[in-house]
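Q: Structure file protein-v5.txt, compact mmCIF, C-alpha atoms, is pasted below:
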# COMPACT_ATOMS: atom_id res chain seq x y z
CA GLN A 1 -7.56 25.55 13.34
CA VAL A 2 -10.22 26.39 10.76
CA THR A 3 -11.93 29.54 12.00
CA GLY A 4 -13.06 32.95 10.85
CA TYR A 5 -14.09 34.29 7.47
CA LEU A 6 -14.02 32.44 4.15
CA ASP A 7 -12.46 33.93 1.02
CA ASP A 8 -14.89 35.39 -1.57
CA CYS A 9 -17.67 35.32 1.07
CA THR A 10 -19.07 37.39 3.92
CA CYS A 11 -19.64 34.27 5.99
CA ASP A 12 -17.55 32.68 8.74
CA VAL A 13 -16.95 29.08 9.80
CA GLU A 14 -18.55 29.46 13.25
CA THR A 15 -21.91 30.66 11.84
CA ILE A 16 -22.05 27.65 9.50
CA ASP A 17 -21.15 25.20 12.29
CA ALA A 18 -23.89 26.45 14.60
CA PHE A 19 -26.52 26.61 11.85
CA ASN A 20 -25.70 23.21 10.36
CA ASN A 21 -24.99 21.10 13.42
CA TYR A 22 -27.94 22.18 15.56
CA LYS A 23 -30.64 23.27 13.12
CA LEU A 24 -30.29 21.81 9.66
CA PHE A 25 -28.41 18.52 9.98
CA PRO A 26 -31.00 16.64 12.17
CA ARG A 27 -33.93 17.58 9.89
CA LEU A 28 -32.00 16.79 6.71
CA ASN A 29 -31.06 13.35 8.02
CA GLN A 30 -34.70 12.58 8.72
CA LEU A 31 -35.67 13.58 5.17
CA LEU A 32 -32.93 11.47 3.56
CA GLU A 33 -34.14 8.36 5.36
CA SER A 34 -37.53 8.58 3.63
CA ASP A 35 -38.35 6.35 0.65
CA TYR A 36 -38.34 9.16 -1.90
CA PHE A 37 -34.75 10.13 -1.09
CA ARG A 38 -33.15 6.81 -0.23
CA TYR A 39 -33.55 5.15 -3.66
CA TYR A 40 -31.24 6.43 -6.39
CA LYS A 41 -31.14 5.04 -9.91
CA VAL A 42 -27.62 4.59 -11.20
CA ASN A 43 -25.76 2.77 -13.96
CA LEU A 44 -22.58 1.36 -12.41
CA LYS A 45 -21.68 -0.59 -15.55
CA LYS A 46 -20.84 2.34 -17.85
CA PRO A 47 -17.33 1.98 -19.28
CA CYS A 48 -14.72 4.64 -18.51
CA PRO A 49 -14.73 7.04 -21.51
CA PHE A 50 -11.19 8.39 -21.00
CA TRP A 51 -8.82 5.45 -20.54
CA ASP A 52 -8.81 1.65 -20.47
CA ASP A 53 -10.24 0.88 -17.08
CA SER A 54 -7.98 -1.88 -15.86
CA SER A 55 -8.20 -0.85 -12.21
CA HIS A 56 -8.33 -3.87 -9.93
CA CYS A 57 -11.82 -5.00 -9.09
CA GLY A 58 -13.51 -2.92 -11.76
CA MET A 59 -17.21 -3.44 -12.43
CA ARG A 60 -16.76 -6.37 -14.78
CA ASP A 61 -14.95 -8.56 -12.26
CA CYS A 62 -16.74 -8.00 -8.99
CA ALA A 63 -20.13 -9.37 -8.00
CA VAL A 64 -22.63 -7.23 -6.16
CA GLN A 65 -22.82 -8.40 -2.57
CA PRO A 66 -26.33 -8.48 -1.08
CA CYS A 67 -27.09 -8.01 2.61
CA PRO A 68 -27.80 -11.21 4.58
CA SER A 69 -31.59 -11.34 4.45
CA ASP A 70 -32.01 -11.42 8.23
CA GLU A 71 -30.35 -7.98 8.44
CA VAL A 72 -32.74 -6.40 5.96
CA PRO A 73 -36.15 -5.12 7.12
CA ASP A 74 -39.08 -7.13 5.70
CA GLY A 75 -40.17 -4.25 3.47
CA ILE A 76 -36.87 -4.14 1.63
CA ARG A 77 -36.19 -7.84 1.18
CA SER A 78 -35.73 -8.89 -2.41
CA GLY A 79 -35.68 -11.91 -4.69
CA SER A 80 -32.63 -13.69 -6.00
CA TYR A 81 -28.99 -12.82 -6.54
CA LYS A 82 -26.73 -13.97 -9.34
CA TYR A 83 -22.97 -14.07 -9.25
CA SER A 84 -21.00 -13.89 -12.46
CA GLU A 85 -18.60 -16.79 -13.10
CA GLU A 86 -15.51 -14.65 -13.45
CA ALA A 87 -16.35 -12.93 -10.16
CA ASN A 88 -15.77 -16.22 -8.37
CA ASN A 89 -12.19 -16.36 -9.61
CA ARG A 90 -10.95 -13.17 -7.99
CA HIS A 91 -7.61 -12.85 -6.26
CA GLU A 92 -7.45 -11.90 -2.57
CA GLU A 93 -6.90 -8.16 -2.96
CA CYS A 94 -9.88 -7.92 -5.22
CA GLU A 95 -12.00 -9.89 -2.76
CA GLU A 96 -11.03 -7.46 -0.02
CA ALA A 97 -11.96 -4.39 -2.09
CA GLU A 98 -15.13 -6.08 -3.33
CA ARG A 99 -16.18 -7.07 0.18
CA LEU A 100 -15.87 -3.48 1.35
CA GLY A 101 -16.88 -1.76 -1.88
CA ALA A 102 -19.73 -3.90 -3.19
CA VAL A 103 -23.11 -2.32 -3.77
CA ASP A 104 -26.19 -3.96 -2.31
CA ASP A 105 -29.00 -3.55 -4.84
CA SER A 106 -31.74 -5.37 -2.93
CA LEU A 107 -35.19 -3.81 -3.26
CA SER A 108 -38.55 -5.08 -2.10
CA THR A 109 -41.28 -5.90 -4.61
CA GLU A 110 -43.37 -3.07 -3.15
CA THR A 111 -40.55 -0.59 -3.76
CA ARG A 112 -40.01 -1.83 -7.29
CA GLU A 113 -43.68 -1.11 -8.08
CA ALA A 114 -43.42 2.38 -6.60
CA VAL A 115 -40.26 3.25 -8.54
CA LEU A 116 -41.88 2.30 -11.84
CA GLN A 117 -44.32 5.15 -11.23
CA TRP A 118 -41.67 7.70 -10.27
CA THR A 119 -40.74 8.24 -13.90
CA ARG A 120 -44.24 9.56 -14.54
CA HIS A 121 -43.47 12.39 -12.15
CA ASP A 122 -40.20 13.29 -13.88
CA ASP A 123 -39.24 16.20 -16.11
CA SER A 124 -35.94 16.96 -17.80
CA SER A 125 -33.80 19.87 -18.99
CA GLU A 126 -30.30 21.11 -19.75
CA SER A 127 -27.90 19.88 -17.14
CA PHE A 128 -24.44 20.33 -15.71
CA CYS A 129 -23.93 16.58 -15.53
CA GLU A 130 -23.58 13.66 -17.85
CA ALA A 131 -26.65 11.96 -16.43
CA ASP A 132 -27.07 8.21 -16.61
CA ASP A 133 -29.62 6.95 -19.07
CA ILE A 134 -32.06 5.80 -16.41
CA HIS A 135 -33.97 3.77 -19.01
CA SER A 136 -30.88 1.68 -19.79
CA PRO A 137 -31.20 -1.99 -18.76
CA ASP A 138 -27.97 -1.50 -16.79
CA ALA A 139 -29.44 1.27 -14.62
CA GLU A 140 -30.66 -0.02 -11.26
CA TYR A 141 -32.20 1.47 -8.14
CA VAL A 142 -29.87 1.36 -5.17
CA ASP A 143 -30.92 1.84 -1.55
CA LEU A 144 -28.50 4.48 -0.25
CA LEU A 145 -29.18 3.57 3.38
CA LEU A 146 -27.95 0.02 2.72
CA ASN A 147 -24.87 1.37 0.95
CA PRO A 148 -23.42 4.07 3.21
CA GLU A 149 -20.41 6.04 2.06
CA ARG A 150 -17.39 4.87 4.06
CA TYR A 151 -13.86 3.52 3.78
CA THR A 152 -13.74 0.81 1.08
CA GLY A 153 -10.04 0.00 0.69
CA TYR A 154 -10.03 1.86 -2.67
CA LYS A 155 -6.81 3.89 -2.68
CA GLY A 156 -3.37 4.12 -4.26
CA PRO A 157 -2.62 4.81 -7.95
CA ASP A 158 -6.17 4.15 -9.21
CA ALA A 159 -7.83 6.61 -6.84
CA TRP A 160 -5.01 9.13 -7.38
CA LYS A 161 -5.49 8.93 -11.16
CA ILE A 162 -9.16 9.95 -10.82
CA TRP A 163 -8.48 13.03 -8.69
CA ASN A 164 -5.42 13.97 -10.72
CA SER A 165 -7.47 13.88 -13.92
CA ILE A 166 -10.12 16.09 -12.30
CA TYR A 167 -7.68 18.70 -11.01
CA GLU A 168 -5.17 18.74 -13.87
CA GLU A 169 -7.54 18.61 -16.83
CA ASN A 170 -10.81 20.09 -15.60
CA CYS A 171 -10.07 22.93 -13.17
CA PHE A 172 -9.02 25.55 -15.76
CA LYS A 173 -5.44 25.11 -14.50
CA PRO A 174 -2.41 25.47 -16.80
CA GLN A 175 -0.07 22.46 -16.86
CA ASN A 176 2.93 24.48 -15.67
CA VAL A 177 1.23 25.47 -12.39
CA LYS A 178 1.62 22.54 -10.01
CA ARG A 179 -0.93 21.83 -7.31
CA PRO A 180 0.40 21.97 -3.74
CA LEU A 181 1.66 18.53 -2.59
CA ALA A 182 0.67 16.99 -5.93
CA SER A 183 4.26 16.54 -7.06
CA GLY A 184 5.64 15.26 -3.79
CA ARG A 185 7.62 17.31 -1.30
CA GLY A 186 9.66 19.20 -3.88
CA ASP A 187 7.13 21.98 -4.55
CA ASP A 188 7.27 25.59 -3.34
CA GLY A 189 4.63 25.23 -0.63
CA GLY A 190 1.95 26.05 -3.17
CA GLN A 191 3.12 29.67 -3.67
CA THR A 192 3.00 29.51 -7.49
CA PHE A 193 -0.38 27.77 -7.36
CA TYR A 194 -1.99 30.24 -4.96
CA LYS A 195 -0.56 33.19 -6.86
CA TRP A 196 -2.19 31.74 -10.00
CA LEU A 197 -5.48 31.08 -8.15
CA LYS A 198 -5.60 34.64 -6.82
CA GLY A 199 -5.08 35.99 -10.33
CA VAL A 200 -7.93 34.12 -12.05
CA CYS A 201 -11.54 35.33 -12.22
CA VAL A 202 -13.89 34.56 -9.35
CA GLU A 203 -15.74 31.89 -11.38
CA LYS A 204 -12.62 29.82 -12.11
CA ARG A 205 -11.45 30.22 -8.53
CA ALA A 206 -14.86 29.07 -7.31
CA PHE A 207 -14.72 26.04 -9.63
CA TYR A 208 -11.42 24.89 -8.13
CA ARG A 209 -12.67 25.49 -4.59
CA LEU A 210 -15.86 23.49 -5.19
CA ILE A 211 -13.86 20.48 -6.43
CA SER A 212 -11.38 20.81 -3.55
CA GLY A 213 -14.32 21.07 -1.11
CA LEU A 214 -15.93 17.95 -2.58
CA HIS A 215 -12.60 16.10 -2.29
CA ALA A 216 -12.25 17.22 1.35
CA SER A 217 -15.82 16.16 2.13
CA ILE A 218 -15.29 12.67 0.70
CA ASN A 219 -12.04 12.31 2.68
CA ILE A 220 -13.84 13.29 5.89
CA HIS A 221 -16.47 10.58 5.30
CA LEU A 222 -13.75 7.96 4.76
CA SER A 223 -11.92 9.06 7.92
CA ALA A 224 -15.13 9.21 9.99
CA ARG A 225 -16.41 5.78 8.89
CA TYR A 226 -13.17 3.83 8.79
CA LEU A 227 -12.97 0.06 9.21
CA LEU A 228 -11.50 -0.08 12.72
CA GLN A 229 -12.10 -3.75 13.48
CA ASP A 230 -12.70 -6.64 11.12
CA THR A 231 -13.01 -10.01 12.80
CA TRP A 232 -15.28 -13.00 12.25
CA SER A 233 -17.47 -11.87 15.14
CA GLU A 234 -17.90 -8.21 14.22
CA LYS A 235 -17.07 -5.34 11.90
CA ARG A 236 -16.67 -1.96 13.55
CA TRP A 237 -16.62 1.36 11.68
CA GLY A 238 -15.71 4.66 13.30
CA PRO A 239 -13.47 7.73 13.32
CA ASN A 240 -9.81 7.18 12.44
CA VAL A 241 -7.98 10.21 13.83
CA THR A 242 -4.62 9.31 12.23
CA GLU A 243 -6.24 9.10 8.78
CA PHE A 244 -7.98 12.44 9.39
CA GLN A 245 -4.73 14.14 10.49
CA GLN A 246 -2.79 12.85 7.48
CA ARG A 247 -5.29 14.59 5.21
CA PHE A 248 -6.03 17.77 7.17
CA ASP A 249 -3.49 18.52 9.93
CA GLU A 250 -1.83 21.91 9.27
CA VAL A 251 1.69 20.67 10.01
CA LEU A 252 1.45 17.30 8.25
CA THR A 253 -0.04 18.86 5.10
CA ARG A 254 2.20 21.95 5.23
CA GLY A 255 -0.75 24.32 5.53
CA GLU A 256 -2.93 22.60 2.91
CA GLY A 257 -5.33 20.86 5.34
CA PRO A 258 -7.03 24.01 6.68
CA ARG A 259 -7.35 25.37 3.13
CA ARG A 260 -9.08 22.15 2.05
CA LEU A 261 -11.50 22.45 4.97
CA LYS A 262 -12.27 26.08 4.14
CA ASN A 263 -13.12 24.90 0.62
CA LEU A 264 -15.53 22.39 2.18
CA TYR A 265 -17.33 25.30 3.88
CA PHE A 266 -17.36 27.16 0.56
CA LEU A 267 -19.03 24.13 -1.07
CA TYR A 268 -21.54 24.08 1.80
CA LEU A 269 -22.46 27.73 1.14
CA ILE A 270 -22.92 27.19 -2.59
CA GLU A 271 -25.22 24.17 -2.13
CA LEU A 272 -27.12 25.89 0.71
CA ARG A 273 -27.64 28.92 -1.53
CA ALA A 274 -29.08 26.68 -4.25
CA LEU A 275 -31.57 25.18 -1.77
CA SER A 276 -32.71 28.64 -0.72
CA LYS A 277 -33.20 29.65 -4.37
CA VAL A 278 -35.16 26.60 -5.49
CA LEU A 279 -37.95 27.00 -2.91
CA PRO A 280 -40.60 28.24 -5.46
CA PHE A 281 -40.21 25.02 -7.49
CA PHE A 282 -41.07 22.82 -4.49
CA GLU A 283 -43.69 25.14 -2.96
CA ARG A 284 -46.13 24.64 -5.83
CA PRO A 285 -49.20 22.66 -4.70
CA GLY A 286 -48.79 20.38 -7.73
CA PHE A 287 -45.33 19.19 -6.70
CA GLN A 288 -45.41 15.85 -4.88
CA LEU A 289 -42.73 13.65 -3.36
CA TYR A 290 -44.58 10.75 -4.92
CA THR A 291 -43.97 7.27 -3.49
CA GLY A 292 -47.55 5.98 -3.39
CA HIS A 293 -48.05 6.51 0.39
CA GLU A 294 -50.16 9.65 0.42
CA SER A 295 -50.02 10.74 4.08
CA ARG A 296 -46.32 9.92 4.37
CA ASP A 297 -45.63 11.82 1.13
CA GLU A 298 -47.42 14.91 2.47
CA GLU A 299 -45.47 14.68 5.73
CA MET A 300 -42.17 14.51 3.84
CA LYS A 301 -43.12 17.45 1.61
CA ASP A 302 -43.79 19.51 4.77
CA LEU A 303 -40.37 18.52 6.13
CA LEU A 304 -38.76 19.35 2.77
CA LEU A 305 -40.32 22.83 2.76
CA GLU A 306 -39.28 23.35 6.39
CA ILE A 307 -35.66 22.58 5.39
CA LEU A 308 -35.84 24.93 2.38
CA HIS A 309 -37.30 27.76 4.48
CA LEU A 310 -34.57 27.14 7.04
CA ALA A 311 -31.97 27.33 4.24
CA LYS A 312 -33.52 30.62 3.11
CA SER A 313 -33.33 32.04 6.65
CA PHE A 314 -29.53 31.58 6.81
CA PRO A 315 -28.17 35.09 7.52
CA LEU A 316 -24.91 35.10 5.52
CA HIS A 317 -25.65 33.58 2.12
CA PHE A 318 -23.09 33.44 -0.65
CA ASP A 319 -23.79 36.13 -3.26
CA GLU A 320 -23.69 34.39 -6.62
CA ASN A 321 -24.36 37.68 -8.44
CA SER A 322 -20.60 38.09 -8.73
CA PHE A 323 -20.63 35.06 -11.08
CA PHE A 324 -20.75 35.73 -14.83
CA ALA A 325 -21.52 39.39 -14.17
CA GLY A 326 -19.24 41.09 -16.75
CA ASN A 327 -19.59 41.48 -20.51
CA LYS A 328 -22.65 39.44 -21.56
CA LYS A 329 -20.96 37.67 -24.45
CA GLU A 330 -17.87 36.79 -22.38
CA ALA A 331 -20.05 35.74 -19.44
CA ALA A 332 -22.11 33.38 -21.62
CA LYS A 333 -18.93 31.83 -23.03
CA LEU A 334 -17.46 31.36 -19.55
CA LYS A 335 -20.69 29.87 -18.21
CA GLU A 336 -20.75 27.31 -21.03
CA GLU A 337 -17.08 26.47 -20.37
CA PHE A 338 -17.90 26.07 -16.68
CA ARG A 339 -20.79 23.73 -17.52
CA LEU A 340 -18.71 21.58 -19.90
CA HIS A 341 -15.83 21.26 -17.45
CA PHE A 342 -18.24 20.09 -14.78
CA LYS A 343 -19.92 17.70 -17.20
CA ASN A 344 -16.53 16.16 -17.90
CA ILE A 345 -15.95 15.59 -14.19
CA SER A 346 -19.26 13.76 -13.96
CA LYS A 347 -18.06 11.46 -16.79
CA ILE A 348 -14.78 10.75 -14.95
CA MET A 349 -16.85 9.18 -12.15
CA ASP A 350 -17.47 6.23 -14.51
CA CYS A 351 -13.73 5.50 -14.25
CA VAL A 352 -13.83 4.92 -10.47
CA GLY A 353 -12.89 1.29 -9.84
CA CYS A 354 -14.84 0.65 -6.61
CA PHE A 355 -18.64 0.37 -6.82
CA LYS A 356 -19.49 2.26 -3.65
CA CYS A 357 -17.04 5.06 -4.44
CA ARG A 358 -18.48 5.22 -7.96
CA LEU A 359 -22.05 5.32 -6.64
CA TRP A 360 -21.35 8.15 -4.19
CA GLY A 361 -19.04 9.96 -6.62
CA LYS A 362 -21.75 10.00 -9.29
CA LEU A 363 -24.43 11.05 -6.82
CA GLN A 364 -22.37 13.89 -5.31
CA THR A 365 -21.25 15.30 -8.66
CA GLN A 366 -24.83 15.16 -9.95
CA GLY A 367 -25.99 16.89 -6.75
CA LEU A 368 -23.44 19.69 -7.11
CA GLY A 369 -24.22 19.97 -10.84
CA THR A 370 -27.91 20.36 -9.93
CA ALA A 371 -27.03 23.09 -7.40
CA LEU A 372 -25.10 24.98 -10.11
CA LYS A 373 -27.98 24.56 -12.55
CA ILE A 374 -30.32 26.12 -9.93
CA LEU A 375 -28.00 29.08 -9.27
CA PHE A 376 -27.71 29.78 -12.99
CA SER A 377 -31.49 29.50 -13.55
CA GLU A 378 -32.67 32.15 -11.09
CA ASN A 379 -34.65 34.12 -13.68
CA LEU A 380 -36.47 30.97 -14.81
CA ILE A 381 -37.27 29.93 -11.23
CA GLU A 382 -38.76 33.33 -10.46
CA LYS A 383 -41.17 32.91 -13.40
CA ILE A 384 -42.50 29.49 -12.31
CA PRO A 385 -46.32 29.64 -12.24
CA GLU A 386 -48.05 28.48 -9.05
CA SER A 387 -49.93 25.78 -10.91
CA GLY A 388 -49.37 23.84 -14.09
CA PRO A 389 -46.02 22.82 -15.56
CA SER A 390 -42.93 24.88 -14.66
CA TYR A 391 -41.89 25.73 -18.23
CA GLY A 392 -38.27 26.68 -18.59
CA PHE A 393 -37.04 25.20 -15.32
CA GLN A 394 -37.40 21.53 -14.44
CA LEU A 395 -35.78 19.10 -12.04
CA THR A 396 -35.96 15.34 -12.56
CA ARG A 397 -36.47 13.05 -9.60
CA GLN A 398 -32.84 11.93 -10.10
CA GLU A 399 -31.64 15.53 -9.75
CA ILE A 400 -33.79 16.13 -6.66
CA VAL A 401 -32.52 12.97 -4.92
CA ALA A 402 -28.92 13.81 -5.87
CA LEU A 403 -29.24 17.48 -4.80
CA PHE A 404 -30.45 16.67 -1.29
CA ASN A 405 -28.23 13.64 -0.74
CA ALA A 406 -25.16 15.54 -1.95
CA PHE A 407 -25.96 18.38 0.44
CA GLY A 408 -26.57 15.73 3.12
CA ARG A 409 -22.99 14.50 2.58
CA VAL A 410 -21.52 18.02 2.93
CA SER A 411 -23.71 18.70 5.97
CA THR A 412 -22.48 15.41 7.49
CA SER A 413 -18.87 16.47 6.86
CA VAL A 414 -19.36 19.73 8.76
CA LYS A 415 -20.92 17.76 11.63
CA GLU A 416 -18.09 15.17 11.58
CA LEU A 417 -15.53 17.99 11.80
CA GLU A 418 -17.02 18.97 15.16
CA ASN A 419 -16.64 15.34 16.26
CA PHE A 420 -12.97 15.21 15.20
CA ARG A 421 -12.32 18.54 16.95
CA ASN A 422 -13.69 17.11 20.20
CA ILE A 423 -11.67 13.89 19.87
CA LEU A 424 -8.44 15.83 19.20
CA GLN A 425 -9.06 18.21 22.12
CA ASN A 426 -9.55 15.27 24.47
CA MET A 427 -6.29 13.70 23.23
CA ARG A 428 -4.21 16.79 24.09
Render the structure in this file as structure tokens.
A:
Amino acid sequence: QVTGYLDDCTCDVETIDAFNNYKLFPRLNQLLESDYFRYYKVNLKKPCPFWDDSSHCGMRDCAVQPCPSDEVPDGIRSGSYKYSEEANNRHEECEEAERLGAVDDSLSTETREAVLQWTRHDDSSESFCEADDIHSPDAEYVDLLLNPERYTGYKGPDAWKIWNSIYEENCFKPQNVKRPLASGRGDDGGQTFYKWLKGVCVEKRAFYRLISGLHASINIHLSARYLLQDTWSEKRWGPNVTEFQQRFDEVLTRGEGPRRLKNLYFLYLIELRALSKVLPFFERPGFQLYTGHESRDEEMKDLLLEILHLAKSFPLHFDENSFFAGNKKEAAKLKEEFRLHFKNISKIMDCVGCFKCRLWGKLQTQGLGTALKILFSENLIEKIPESGPSYGFQLTRQEIVALFNAFGRVSTSVKELENFRNILQNMR
């Protein structure tokens, strides 16, 4: 049901589907499986800054569950694991959420040595995200391939509270304008909300649509990698059509589902645009995807540049020149407001009660924040010298890993939509 042109854009859904599913997605997947992009440093022990985090199975009560060693390739096997005493006294519901939502932090000795050197290749600058202090003793490298984003059993009031806080307090929305479906079935079909959304400036409308697109993308991942079978002999993950329909079917969501999916495509265009703009930063001969394996690093840099050139070749890019284009003083004020709102959302991710959801929430918000930073730094990127340091514009390794993995998640969502379309057509 989601077809045709997107609001505030010259692009249509069909062009994105064809470009993503057949050209970009396969190459991007290959890149994200490489060592440089699969290890992300994250602090999952930061306390929630906004409310007492008493959500069941919060970080303090759940142990990190390692992979059985025979399932882990030799190169990634690690040393010992420690379980906290209180983690052994969990109740059943917590065990269930922990079993599904635990983060496996096993890294091989070889990888640990390589990551120590990554920091030497890092720079830093003003950011749209509340970045983790990667030098904190609580920050650890996590192998994203061993911790895929999928259904974790994290739902209900705790998960609702996170999204509600994001939408109600950080999307420039007045309290008296209710989100569609947010207050149960008694709303006006979203008429007041969409009238408000139409009336705000393009930047504030874009902000809401980016958050809605991110929410839709995460829900697609959970529906596409749902725990379908859980017996002693095997665990099976796969598409759950009922779950998908509850979140996106036009009738079941009273018209909201297709809007959410269009916002996903909008998010895709924004992140794709950022990749096309950041090409000069990565093209410099001095930039390396440093992991310590020289030939492999060169190969991955070639693949990275191929992906960025492909992104640049996309025919119907979003035109970000409409952003912050009015009165200079007003535009600067709005841009700063935009940045602070987004920074707040990145802090809310520390309130997510399930480890895996927190990991992927932090990574995807940092990735989107990095994309926004790129779009708002165009003048600085154009001035980057071919050699030597890129004064004015920098990306840390954390930001690079988050940028590409976050786009990988959105790209996967667009691909999964095609899969759900096929399943639903075959069911008719």
Q: With distances taken over only C-alpha atoms, which residue among A:Asn170, A:Asn164, A:Ser387, A:Ser413 lies nearest Lys343 of chain A?
A: A:Asn170
Q: What is the atom CA of Tyr40 of chain A-atom CA of Ile400 of chain A distance in Å, reported with one decimal?
A: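 Calculated distance between atom CA of Tyr40 of chain A and atom CA of Ile400 of chain A is 10.0 Å.
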Q: Could you jot down the atom CA of Tyr154 of chain A to atom CA of Phe25 of chain A separation for me, Å, one decimal place?
A: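 Computing it gives 27.8 Å between the two atoms.
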Q: Give me the residues within 10 Å of segment 232-243 of chain A as a CSV table (one decimal) with C-alpha atoms, keeping the file's coordinate frame, counting only C-alpha atoms and dropping any in the same chain fewer than 5 places off.
A:
chain,number,residue,atom,x,y,z
A,150,ARG,CA,-17.4,4.9,4.1
A,151,TYR,CA,-13.9,3.5,3.8
A,219,ASN,CA,-12.0,12.3,2.7
A,220,ILE,CA,-13.8,13.3,5.9
A,221,HIS,CA,-16.5,10.6,5.3
A,222,LEU,CA,-13.8,8.0,4.8
A,223,SER,CA,-11.9,9.1,7.9
A,224,ALA,CA,-15.1,9.2,10.0
A,225,ARG,CA,-16.4,5.8,8.9
A,226,TYR,CA,-13.2,3.8,8.8
A,227,LEU,CA,-13.0,0.1,9.2
A,248,PHE,CA,-6.0,17.8,7.2
A,249,ASP,CA,-3.5,18.5,9.9
A,416,GLU,CA,-18.1,15.2,11.6
A,419,ASN,CA,-16.6,15.3,16.3
A,420,PHE,CA,-13.0,15.2,15.2
A,421,ARG,CA,-12.3,18.5,17.0
A,423,ILE,CA,-11.7,13.9,19.9
A,424,LEU,CA,-8.4,15.8,19.2
Q: Taking only C-alpha atoms into account, name the residue in A:Leu334, A:Leu403, A:Leu261, A:Leu32 that is nearest to His215 of chain A.
A: A:Leu261
Q: Please, which residues are within 12 Å of (-46.8, 17.6, 1.2) by the file's coordinates, counting all atoms listed in the file, and could they come as a PyMOL selection string?
A: chain A and resi 282-291+293-306
Q: Fewer than 4 positions away in the same chain doesn't count, so skip those; otherwise give me all residues within 12 Å of Cys11 of chain A, counting all atoms listed in the file, as number ranges by chain.
A: A: 3-7, 15-17, 19, 262, 265-266, 268-270, 314-319
Q: Rank A:Phe404, A:Trp51, A:Phe323, A:Phe376 by their smallest atom-to-atom distance to Glu271 of chain A, using all atoms listed in the file, and report the top residue only.
A: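 Closest residue, counting all atoms listed in the file: A:Phe404.
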